[in-house]
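Raw contents of structure-v3.txt, compact mmCIF, C-alpha atoms and all ligand atoms:
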```txt
# COMPACT_ATOMS: atom_id res chain seq x y z
CA MET Z 1 9.34 -28.19 -24.29
CA TYR Z 2 9.41 -25.32 -21.81
CA ALA Z 3 6.53 -22.83 -21.81
CA SER Z 4 7.73 -19.37 -22.81
CA LEU Z 5 7.67 -17.01 -19.85
CA PRO Z 6 7.46 -13.19 -19.79
CA LYS Z 7 10.90 -11.56 -20.22
CA GLN Z 8 10.11 -8.87 -17.70
CA VAL Z 9 7.74 -8.60 -14.74
CA LYS Z 10 6.52 -5.83 -12.47
CA ILE Z 11 6.85 -6.55 -8.78
CA VAL Z 12 4.54 -4.46 -6.61
CA GLU Z 13 6.00 -4.19 -3.12
CA VAL Z 14 3.11 -4.34 -0.64
CA GLY Z 15 5.09 -4.75 2.60
CA PRO Z 16 4.50 -1.25 4.00
CA ARG Z 17 0.73 -1.78 3.70
CA ASP Z 18 -0.28 -5.44 3.56
CA GLY Z 19 2.84 -6.41 5.45
CA LEU Z 20 2.51 -4.04 8.37
CA GLN Z 21 -1.27 -3.58 8.69
CA ASN Z 22 -1.67 -6.57 10.99
CA GLU Z 23 1.19 -5.79 13.39
CA LYS Z 24 -0.12 -5.47 16.92
CA GLU Z 25 2.50 -3.04 18.26
CA THR Z 26 2.28 0.45 16.80
CA ILE Z 27 5.14 1.03 14.42
CA ALA Z 28 6.35 4.63 14.37
CA ALA Z 29 5.72 6.52 11.13
CA ASP Z 30 9.48 7.16 10.88
CA VAL Z 31 10.18 3.46 10.64
CA LYS Z 32 7.55 3.02 7.91
CA ILE Z 33 9.00 6.00 6.07
CA ALA Z 34 12.51 4.58 6.30
CA LEU Z 35 11.21 1.26 4.94
CA VAL Z 36 9.46 2.88 1.97
CA ASN Z 37 12.58 4.95 1.23
CA ARG Z 38 14.76 1.84 1.24
CA LEU Z 39 12.33 0.11 -1.11
CA THR Z 40 12.33 3.11 -3.43
CA GLU Z 41 16.12 3.01 -3.51
CA ALA Z 42 16.01 -0.71 -4.28
CA GLY Z 43 14.30 0.08 -7.59
CA PHE Z 44 10.61 -0.80 -7.25
CA VAL Z 45 8.38 1.06 -9.67
CA ASN Z 46 5.26 0.49 -7.55
CA ILE Z 47 5.07 0.48 -3.76
CA GLU Z 48 1.87 0.07 -1.77
CA ALA Z 49 2.78 2.57 0.89
CA ALA Z 50 -0.30 3.14 3.04
CA SER Z 51 -4.01 2.60 3.57
CA PHE Z 52 -6.75 5.15 4.19
CA VAL Z 53 -9.18 2.87 5.98
CA SER Z 54 -10.99 3.28 9.26
CA PRO Z 55 -8.42 3.38 12.10
CA LYS Z 56 -10.97 1.55 14.23
CA TRP Z 57 -10.77 -1.35 11.84
CA VAL Z 58 -7.03 -1.26 11.15
CA PRO Z 59 -5.24 0.85 13.80
CA GLN Z 60 -1.77 0.25 12.37
CA MET Z 61 -2.60 2.26 9.25
CA ALA Z 62 -3.67 5.34 11.25
CA THR Z 63 -0.34 7.04 10.46
CA SER Z 64 -0.86 6.87 6.70
CA THR Z 65 -1.04 10.63 6.16
CA GLU Z 66 2.24 11.09 8.03
CA VAL Z 67 3.87 8.27 6.09
CA MET Z 68 2.83 9.65 2.70
CA ALA Z 69 4.04 13.12 3.70
CA GLY Z 70 7.41 11.84 4.94
CA ILE Z 71 8.57 9.55 2.15
CA GLN Z 72 11.09 10.65 -0.43
CA ARG Z 73 9.44 10.07 -3.75
CA LYS Z 74 11.32 9.08 -6.85
CA PRO Z 75 9.85 10.33 -10.12
CA GLY Z 76 8.19 7.53 -12.03
CA VAL Z 77 7.51 5.41 -8.95
CA ILE Z 78 3.84 4.76 -8.21
CA TYR Z 79 2.97 5.06 -4.51
CA SER Z 80 -0.37 3.29 -4.01
CA VAL Z 81 -2.83 3.45 -1.13
CA LEU Z 82 -6.02 1.60 -0.22
CA THR Z 83 -9.28 3.58 -0.33
CA PRO Z 84 -12.46 1.71 0.59
CA ASN Z 85 -14.72 4.76 0.27
CA MET Z 86 -14.79 8.50 -0.45
CA GLN Z 87 -13.45 9.34 2.98
CA GLY Z 88 -10.40 7.27 2.14
CA PHE Z 89 -10.18 8.79 -1.32
CA GLU Z 90 -10.20 12.36 0.01
CA ALA Z 91 -7.34 11.49 2.35
CA ALA Z 92 -5.46 9.79 -0.48
CA LEU Z 93 -5.90 12.81 -2.72
CA ALA Z 94 -4.66 15.16 0.01
CA ALA Z 95 -1.68 12.85 0.55
CA GLY Z 96 -0.77 12.90 -3.15
CA ALA Z 97 -1.20 9.18 -3.82
CA ASP Z 98 -0.38 8.11 -7.38
CA GLU Z 99 -2.78 5.19 -7.35
CA VAL Z 100 -5.81 4.30 -5.26
CA VAL Z 101 -6.87 0.73 -4.62
CA ILE Z 102 -10.50 -0.27 -4.23
CA PHE Z 103 -10.87 -3.70 -2.72
CA SER Z 104 -13.66 -6.20 -2.81
CA SER Z 105 -13.88 -9.95 -2.68
CA ALA Z 106 -15.01 -12.96 -4.66
CA SER Z 107 -16.64 -14.23 -1.46
CA GLU Z 108 -19.72 -12.57 0.03
CA ALA Z 109 -18.82 -13.74 3.52
CA PHE Z 110 -15.37 -12.15 3.35
CA ALA Z 111 -16.68 -8.85 1.95
CA GLN Z 112 -18.95 -8.56 4.99
CA LYS Z 113 -16.10 -9.21 7.43
CA ASN Z 114 -13.51 -7.04 5.71
CA ILE Z 115 -15.46 -4.03 4.45
CA ASN Z 116 -18.78 -4.44 6.22
CA CYS Z 117 -20.93 -4.67 3.10
CA SER Z 118 -21.91 -7.03 0.29
CA ILE Z 119 -19.93 -7.31 -2.94
CA ALA Z 120 -22.65 -5.41 -4.81
CA GLU Z 121 -22.71 -2.65 -2.18
CA SER Z 122 -18.94 -2.36 -2.35
CA ILE Z 123 -19.08 -1.84 -6.11
CA GLU Z 124 -21.67 0.91 -5.64
CA ARG Z 125 -19.46 2.55 -3.00
CA PHE Z 126 -16.48 2.34 -5.37
CA ARG Z 127 -18.35 4.01 -8.25
CA GLU Z 128 -17.85 7.42 -6.69
CA VAL Z 129 -14.22 6.68 -5.82
CA ALA Z 130 -13.59 5.52 -9.39
CA SER Z 131 -15.02 8.65 -10.97
CA ALA Z 132 -13.16 10.89 -8.51
CA ALA Z 133 -9.93 9.06 -9.37
CA GLN Z 134 -10.61 9.58 -13.05
CA GLN Z 135 -11.36 13.30 -12.58
CA ASN Z 136 -8.15 13.74 -10.62
CA LYS Z 137 -6.11 11.62 -13.06
CA ILE Z 138 -5.12 9.14 -10.37
CA ARG Z 139 -4.56 5.52 -11.36
CA LEU Z 140 -7.22 3.09 -10.16
CA ARG Z 141 -6.50 -0.49 -9.13
CA GLY Z 142 -9.03 -3.09 -8.07
CA SER Z 143 -8.25 -5.95 -5.72
CA ILE Z 144 -10.25 -9.16 -5.36
CA SER Z 145 -9.76 -11.08 -2.13
CA CYS Z 146 -10.45 -14.78 -1.65
CA ALA Z 147 -10.11 -15.58 -5.35
CA PHE Z 148 -9.02 -19.15 -4.53
CA GLY Z 149 -10.73 -19.84 -1.22
CA CYS Z 150 -12.35 -18.07 1.71
CA PRO Z 151 -11.78 -18.46 5.46
CA TYR Z 152 -15.55 -18.16 6.06
CA GLN Z 153 -17.29 -19.79 3.12
CA GLY Z 154 -14.61 -22.26 1.98
CA GLU Z 155 -14.64 -22.85 -1.76
CA VAL Z 156 -15.03 -19.94 -4.14
CA ASP Z 157 -16.45 -20.42 -7.61
CA PRO Z 158 -14.08 -19.10 -10.33
CA ALA Z 159 -17.19 -17.60 -11.96
CA SER Z 160 -17.54 -15.30 -8.92
CA VAL Z 161 -13.98 -14.07 -9.46
CA ALA Z 162 -14.73 -13.40 -13.13
CA ASP Z 163 -17.92 -11.57 -12.17
CA VAL Z 164 -16.05 -9.18 -9.83
CA VAL Z 165 -13.32 -8.69 -12.45
CA ARG Z 166 -15.96 -7.53 -14.94
CA ARG Z 167 -17.51 -5.16 -12.39
CA LEU Z 168 -14.13 -3.63 -11.52
CA ARG Z 169 -13.26 -3.40 -15.23
CA ASP Z 170 -16.51 -1.53 -15.81
CA LEU Z 171 -15.57 0.95 -13.08
CA GLY Z 172 -12.44 1.75 -15.11
CA CYS Z 173 -9.70 -0.05 -13.18
CA ASP Z 174 -6.27 0.19 -14.78
CA GLU Z 175 -5.10 -2.97 -13.04
CA ILE Z 176 -6.85 -5.80 -11.19
CA ASP Z 177 -5.32 -8.02 -8.50
CA ILE Z 178 -6.37 -11.62 -8.13
CA ALA Z 179 -5.64 -12.27 -4.47
CA ASP Z 180 -5.13 -15.48 -2.56
CA THR Z 181 -5.87 -13.95 0.84
CA ILE Z 182 -5.40 -17.17 2.81
CA GLY Z 183 -2.84 -18.84 0.56
CA VAL Z 184 -4.85 -21.97 -0.23
CA GLY Z 185 -4.64 -21.85 -4.03
CA THR Z 186 -2.60 -24.43 -5.89
CA ALA Z 187 -0.87 -24.20 -9.25
CA ARG Z 188 -3.42 -25.69 -11.67
CA GLN Z 189 -6.31 -23.92 -9.94
CA VAL Z 190 -4.43 -20.63 -10.21
CA GLN Z 191 -3.84 -21.18 -13.94
CA HIS Z 192 -7.51 -21.97 -14.45
CA VAL Z 193 -8.70 -18.82 -12.67
CA MET Z 194 -6.11 -16.57 -14.34
CA GLN Z 195 -6.99 -17.88 -17.79
CA LEU Z 196 -10.70 -17.49 -17.09
CA VAL Z 197 -10.47 -13.87 -15.92
CA ALA Z 198 -8.09 -13.00 -18.76
CA GLN Z 199 -11.10 -13.46 -21.05
CA ASP Z 200 -12.57 -10.31 -19.47
CA PHE Z 201 -9.54 -8.16 -18.68
CA PRO Z 202 -6.17 -7.63 -20.43
CA ILE Z 203 -3.74 -10.22 -19.09
CA ASP Z 204 -0.93 -7.62 -18.99
CA SER Z 205 -2.90 -5.70 -16.37
CA LEU Z 206 -3.84 -8.63 -14.14
CA SER Z 207 -1.70 -9.30 -11.11
CA GLY Z 208 -1.14 -12.25 -8.80
CA HIS Z 209 -1.29 -11.38 -5.09
CA PHE Z 210 -0.28 -14.50 -3.22
CA HIS Z 211 -0.10 -15.06 0.51
CA ASP Z 212 2.16 -17.94 1.46
CA THR Z 213 0.15 -19.54 4.25
CA TYR Z 214 0.32 -23.04 2.76
CA GLY Z 215 3.73 -22.62 1.10
CA GLN Z 216 2.26 -22.49 -2.40
CA ALA Z 217 3.02 -18.91 -3.39
CA LEU Z 218 6.18 -19.45 -5.45
CA ALA Z 219 4.62 -22.41 -7.25
CA ASN Z 220 1.56 -20.26 -7.94
CA ILE Z 221 3.72 -17.44 -9.27
CA TYR Z 222 5.51 -19.83 -11.59
CA ALA Z 223 2.17 -21.27 -12.72
CA SER Z 224 0.92 -17.71 -13.35
CA LEU Z 225 4.02 -16.89 -15.39
CA GLU Z 226 3.30 -19.93 -17.55
CA VAL Z 227 -0.10 -18.52 -18.50
CA GLY Z 228 1.27 -15.02 -19.15
CA ILE Z 229 0.76 -13.08 -15.90
CA SER Z 230 3.52 -10.48 -15.50
CA ILE Z 231 2.60 -8.48 -12.37
CA PHE Z 232 3.12 -9.93 -8.90
CA HIS Z 233 2.70 -8.56 -5.40
CA SER Z 234 5.10 -9.44 -2.63
CA SER Z 235 6.18 -8.26 0.81
CA VAL Z 236 9.73 -7.62 1.88
CA ALA Z 237 10.75 -10.16 4.57
CA GLY Z 238 7.43 -11.94 3.96
CA LEU Z 239 5.70 -9.49 6.29
CA GLY Z 240 2.00 -9.61 6.70
CA GLY Z 241 -1.37 -11.14 7.25
CA CYS Z 242 -4.91 -9.88 6.91
CA PRO Z 243 -6.74 -8.73 10.04
CA TYR Z 244 -9.95 -10.26 8.70
CA ALA Z 245 -8.53 -13.61 7.61
CA LYS Z 246 -7.61 -15.51 10.77
CA GLY Z 247 -4.38 -17.47 10.45
CA ALA Z 248 -3.46 -15.85 7.14
CA THR Z 249 0.29 -15.30 7.03
CA GLY Z 250 2.31 -12.84 5.04
CA ASN Z 251 2.51 -12.24 1.35
CA VAL Z 252 5.12 -14.21 -0.48
CA ALA Z 253 8.52 -12.72 0.40
CA THR Z 254 9.89 -10.29 -2.15
CA GLU Z 255 13.43 -11.64 -1.73
CA ASP Z 256 12.22 -15.15 -2.67
CA VAL Z 257 10.34 -13.88 -5.72
CA LEU Z 258 13.36 -11.88 -6.89
CA PHE Z 259 15.62 -14.90 -6.44
CA LEU Z 260 13.22 -16.94 -8.58
CA MET Z 261 13.03 -14.26 -11.28
CA GLN Z 262 16.81 -13.90 -11.29
CA GLY Z 263 17.19 -17.63 -11.84
CA LEU Z 264 14.65 -17.58 -14.66
CA GLY Z 265 16.43 -14.65 -16.34
CA ILE Z 266 13.32 -12.47 -15.96
CA GLN Z 267 14.02 -8.75 -15.56
CA THR Z 268 12.57 -6.89 -12.55
CA GLY Z 269 14.81 -3.80 -12.36
CA ILE Z 270 15.13 -4.39 -8.61
CA ASP Z 271 18.34 -4.78 -6.61
CA LEU Z 272 17.92 -7.99 -4.61
CA ASN Z 273 20.73 -7.06 -2.20
CA ALA Z 274 19.06 -3.78 -1.32
CA VAL Z 275 15.79 -5.64 -0.68
CA VAL Z 276 17.62 -8.10 1.60
CA ASP Z 277 18.91 -5.08 3.56
CA ALA Z 278 15.41 -3.60 3.78
CA GLY Z 279 14.08 -6.97 4.96
CA GLN Z 280 16.73 -7.26 7.65
CA PHE Z 281 16.09 -3.64 8.68
CA ILE Z 282 12.35 -4.05 9.23
CA SER Z 283 12.71 -7.51 10.80
CA ALA Z 284 15.26 -6.15 13.30
CA HIS Z 285 12.83 -3.40 14.12
CA LEU Z 286 10.02 -5.91 14.67
CA GLY Z 287 12.35 -8.05 16.76
CA ARG Z 288 12.08 -11.22 14.73
CA LYS Z 289 13.72 -13.08 11.89
CA ALA Z 290 12.63 -12.27 8.35
CA VAL Z 291 10.19 -14.78 6.85
CA SER Z 292 12.18 -15.05 3.65
CA ARG Z 293 14.29 -18.11 2.94
CA ALA Z 294 16.31 -16.37 0.22
CA GLY Z 295 16.58 -13.17 2.25
CA ASN Z 296 17.93 -14.95 5.33
CA ALA Z 297 20.28 -17.15 3.29
CA LEU Z 298 21.72 -14.16 1.45
CA ALA Z 299 22.05 -12.17 4.68
CA ALA Z 300 23.80 -15.10 6.38
CA LYS Z 301 26.36 -15.33 3.56
CA ARG Z 302 27.47 -11.78 4.31
CA VAL Z 303 28.39 -12.56 7.91
CA VAL Z 304 32.08 -13.52 8.16
P1 LIG P 401 -18.13 0.98 8.48
O1 LIG P 401 -17.99 0.92 9.97
O2 LIG P 401 -19.23 0.22 7.83
O3 LIG P 401 -18.11 2.49 7.93
O4 LIG P 401 -16.74 0.50 7.88
P2 LIG P 401 -18.89 3.78 8.26
O5 LIG P 401 -18.97 4.56 6.99
O6 LIG P 401 -20.15 3.45 9.01
O7 LIG P 401 -17.91 4.56 9.24
C1 LIG P 401 -17.66 4.15 10.58
C2 LIG P 401 -16.54 4.98 11.17
O8 LIG P 401 -15.32 4.79 10.43
C3 LIG P 401 -16.81 6.48 11.14
O9 LIG P 401 -16.18 7.04 12.27
C4 LIG P 401 -16.08 6.94 9.91
O10 LIG P 401 -15.69 8.28 9.98
C5 LIG P 401 -14.86 6.04 9.90
P3 LIG P 401 -17.01 7.47 13.59
O11 LIG P 401 -18.07 8.40 13.09
O12 LIG P 401 -17.57 6.17 14.13
O13 LIG P 401 -15.98 8.07 14.48
N1 LIG P 401 -14.33 5.81 8.56
C6 LIG P 401 -13.10 6.12 8.18
N2 LIG P 401 -12.05 6.66 8.83
C7 LIG P 401 -10.91 6.86 8.12
N3 LIG P 401 -10.78 6.52 6.81
C8 LIG P 401 -11.80 5.97 6.14
C9 LIG P 401 -13.01 5.76 6.82
N4 LIG P 401 -14.20 5.25 6.44
C10 LIG P 401 -15.00 5.30 7.53
N5 LIG P 401 -11.66 5.64 4.85
C11 LIG P 401 -15.07 0.51 6.16
C12 LIG P 401 -16.54 0.39 6.48
C13 LIG P 401 -14.86 0.07 4.73
C14 LIG P 401 -14.63 1.95 6.35
C15 LIG P 401 -14.30 -0.39 7.15
O14 LIG P 401 -14.86 -1.67 7.08
C16 LIG P 401 -12.84 -0.46 6.84
O15 LIG P 401 -12.10 0.50 7.01
N6 LIG P 401 -12.38 -1.64 6.38
C17 LIG P 401 -11.02 -1.79 5.97
C18 LIG P 401 -10.59 -3.17 6.27
C19 LIG P 401 -9.14 -3.32 5.83
O16 LIG P 401 -8.40 -2.36 5.70
N7 LIG P 401 -8.75 -4.58 5.61
C20 LIG P 401 -7.42 -4.89 5.23
C21 LIG P 401 -7.09 -4.41 3.84
S1 LIG P 401 -7.72 -5.47 2.57
C22 LIG P 401 -6.56 -6.71 2.43
O17 LIG P 401 -5.63 -6.78 3.19
C23 LIG P 401 -6.71 -7.67 1.30
C24 LIG P 401 -5.71 -7.42 0.16
O18 LIG P 401 -4.38 -7.46 0.62
C25 LIG P 401 -5.90 -8.50 -0.91
C26 LIG P 401 -5.90 -9.91 -0.28
O19 LIG P 401 -4.85 -10.38 0.18
O20 LIG P 401 -6.98 -10.47 -0.23
C27 LIG P 401 -5.94 -6.06 -0.51
MG MG P 402 -3.23 -9.28 0.93
```

Can you give me the file's structure in the form of structure tokens?
Amino acid sequence: MYASLPKQVKIVEVGPRDGLQNEKETIAADVKIALVNRLTEAGFVNIEAASFVSPKWVPQMATSTEVMAGIQRKPGVIYSVLTPNMQGFEAALAAGADEVVIFSSASEAFAQKNINCSIAESIERFREVASAAQQNKIRLRGSISCAFGCPYQGEVDPASVADVVRRLRDLGCDEIDIADTIGVGTARQVQHVMQLVAQDFPIDSLSGHFHDTYGQALANIYASLEVGISIFHSSVAGLGGCPYAKGATGNVATEDVLFLMQGLGIQTGIDLNAVVDAGQFISAHLGRKAVSRAGNALAAKRVV
């Protein structure tokens, strides 16, 4: 017997933020804007477009205000941005973000490296951001890094993930991301963690954010579908890596995820061909081949 899978999923395109944040060469705001516009046209309902973090920590995101001002917004599409503190929130508000993302970790060691504070301190810092988001009627998303393993502390107890989920829930998050920052999770482990945290937060509002460092992301997405997860994050052309997780590669490639969903008959509302074009566009700009097997295969078929 096959497990019944969701009929429809939401794919959150995180390429413009998670994908580009680690690029060493400064990418012009115009290129980022063109990428977001292509992704909007492709049919995403949620695009993580920018990040209002310290430019000393993540220089590539220093153009976020310009990017948010330059994109052509489609009604109904949620343009999300990262906001680690009130300074970030104020910038996000001024930029007209539809959703702000507060981000912590299931690993103490990673929280220190990434946001320069403990998990508990991060939650206190987010309290103000959360209430400001609520007052301004902006959606609030919480993200939990290192849910399946940490580059600094190694193993992460699923109970720590559940603990952070409850804290983010109590801050009023509309959605919570369970993130495999360094791509070490495997299918049964992912199912275990997802099922555990679903005891504390509605499963329809939990998302899987998988990096593909160890080649497990598609298997982990399928495993998540089997236990009822229906929101996934991915990066066009497999862009990405985290500046504070050495060796971490990109998010799972959006083209590969869409190819999988298409084969499973799961609706996404996204035009795979347009995403392939966007992937080839940004990869050409970066001067390298896209890190998407499906994207490159589909692009190659077009060449006569
Ligand atoms: P800090 O140094 O402890 O903060 O950094 P601070 O409050 O002491 O401020 C220091 C300086 O930063 C000050 O400037 C502030 O104005 C400035 P100075 O007075 O020295 O000139 N500053 C800011 N500037 C612009 N926007 C802001 C902001 N805040 C402070 N919002 C802080 C603490 C959290 C700010 C810092 O650690 C930071 O920005 N970290 C962000 C790290 C990051 O962006 N990591 C990547 C994103 S997370 C990720 O990729 C994981 C995810 O994909 C899920 C997964 O895969 O795991 C989401
Ligand atoms: Mg990430």

Problem set entry | Cut-off 6 Å, all atoms listed in the file, neighbours of ligand LIG 401 (chain P) as a count of residues only | 22

All residues within 10 Å of ligand MG 402 (chain P) are required, counting all atoms listed in the file; please report them as a compact mmCIF listing (two decimals) with C-alpha atoms, keeping the file's coordinate frame.
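File selection08.txt, as written:
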```
# COMPACT_ATOMS: atom_id res chain seq x y z
CA VAL Z 14 3.11 -4.34 -0.64
CA GLY Z 15 5.09 -4.75 2.60
CA ARG Z 17 0.73 -1.78 3.70
CA ASP Z 18 -0.28 -5.44 3.56
CA GLY Z 19 2.84 -6.41 5.45
CA GLN Z 21 -1.27 -3.58 8.69
CA SER Z 143 -8.25 -5.95 -5.72
CA ILE Z 144 -10.25 -9.16 -5.36
CA SER Z 145 -9.76 -11.08 -2.13
CA CYS Z 146 -10.45 -14.78 -1.65
CA ASP Z 177 -5.32 -8.02 -8.50
CA ILE Z 178 -6.37 -11.62 -8.13
CA ALA Z 179 -5.64 -12.27 -4.47
CA ASP Z 180 -5.13 -15.48 -2.56
CA THR Z 181 -5.87 -13.95 0.84
CA ILE Z 182 -5.40 -17.17 2.81
CA GLY Z 183 -2.84 -18.84 0.56
CA HIS Z 209 -1.29 -11.38 -5.09
CA PHE Z 210 -0.28 -14.50 -3.22
CA HIS Z 211 -0.10 -15.06 0.51
CA HIS Z 233 2.70 -8.56 -5.40
CA SER Z 234 5.10 -9.44 -2.63
CA SER Z 235 6.18 -8.26 0.81
CA GLY Z 240 2.00 -9.61 6.70
CA GLY Z 241 -1.37 -11.14 7.25
CA CYS Z 242 -4.91 -9.88 6.91
CA PRO Z 243 -6.74 -8.73 10.04
CA ALA Z 245 -8.53 -13.61 7.61
CA ALA Z 248 -3.46 -15.85 7.14
CA THR Z 249 0.29 -15.30 7.03
CA GLY Z 250 2.31 -12.84 5.04
CA ASN Z 251 2.51 -12.24 1.35
CA VAL Z 252 5.12 -14.21 -0.48
```

Exercise. So how many Å separate CA of Ile266 (chain Z) and CA of Tyr222 (chain Z), to one decimal?
Worked result: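 Separation of CA of Ile266 (chain Z) and CA of Tyr222 (chain Z): 11.6 Å.
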
For this session: Using only C-alpha atoms, find all polymer residues with an atom at most 9 Å away from the point (7.3, -18.3, -14.2); report them as a PyMOL selection string.
Result: chain Z and resi 3-6+218-230+260-261+264+266

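Proximity of Z:Arg288, Z:Lys137, Z:Arg38, Z:Lys56 to Glu99 (chain Z), computed with only C-alpha atoms, is greatest for Z:Lys137.
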
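For the pair CA of Ala159 (chain Z) and CA of Phe201 (chain Z), the separation is 13.9 Å.
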
For this session: Would you mind telling me which residue in Z:Ala132, Z:Ala297, Z:Ala162, Z:Val190 lies nearest to Glu90 (chain Z) when using all atoms listed in the file?
Result: Z:Ala132

For this session: Take CA of Thr65 (chain Z) and CA of Lys24 (chain Z) and report the distance between them in Å, one decimal.
Result: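 Spanning CA of Thr65 (chain Z) to CA of Lys24 (chain Z) is a straight-line distance of 19.4 Å.
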
For this session: Taking (17.3, -13.9, 1.4) in the file's own coordinates, collect the residues within 12 Å, counting only C-alpha atoms, and hand them back as an NGL selection string.
Result: :Z and (236-238 or 253-260 or 272-280 or 289-302)

For this session: Compare Z:Leu239, Z:Met86, Z:Val45, Z:Ile176 by their minimum atom-to-atom distance to Val12 (chain Z), counting all atoms listed in the file, and give me the closest one.
Result: Z:Val45

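Distances from Z:Asp200, Z:Glu23, Z:Asp163, Z:Glu175 to Ile119 (chain Z) were compared using all atoms listed in the file, and the smallest one belongs to Z:Asp163.
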
Problem set entry | Selection near Thr268 (chain Z), 7 Å with all atoms listed in the file, sequence-local residues under 2 positions removed, as a ChimeraX atom specification | /Z:8-11,266,270

Dump C-alpha atoms for the selected residues as a short mmCIF file (atom, residue, chain, number, x, y, z; two decimals), keeping the file's coordinate frame?
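File written: result00.cif
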```cif
data_model
loop_
_atom_site.label_atom_id
_atom_site.label_comp_id
_atom_site.auth_asym_id
_atom_site.auth_seq_id
_atom_site.Cartn_x
_atom_site.Cartn_y
_atom_site.Cartn_z
CA GLN Z 8 10.11 -8.87 -17.70
CA VAL Z 9 7.74 -8.60 -14.74
CA LYS Z 10 6.52 -5.83 -12.47
CA ILE Z 11 6.85 -6.55 -8.78
CA ILE Z 266 13.32 -12.47 -15.96
CA ILE Z 270 15.13 -4.39 -8.61
#
```

For this session: For Ser131 (chain Z), work out the shell of residues within 12 Å, counting all atoms listed in the file and skipping chain neighbours fewer than 2 positions away, then give it as a list in words.
Result: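 The neighbour list is Asn85, Met86, Phe89, Val100, Glu124, Arg125, Phe126, Arg127, Glu128, Val129, Ala133, Gln134, Gln135, Asn136, Lys137, Ile138, Arg139, Leu140, Asp170, Leu171, Gly172 and Cys173 of chain Z.
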
For this session: Find the residues around Ser118 (chain Z) up to 12 Å (all atoms listed in the file counted), leave out those fewer than 3 positions away in its own chain, and share them as JSON, numbers by chain.
Result: {"Z": [103, 104, 105, 106, 107, 108, 109, 110, 111, 112, 113, 114, 115, 121, 122, 123, 124, 125, 164]}
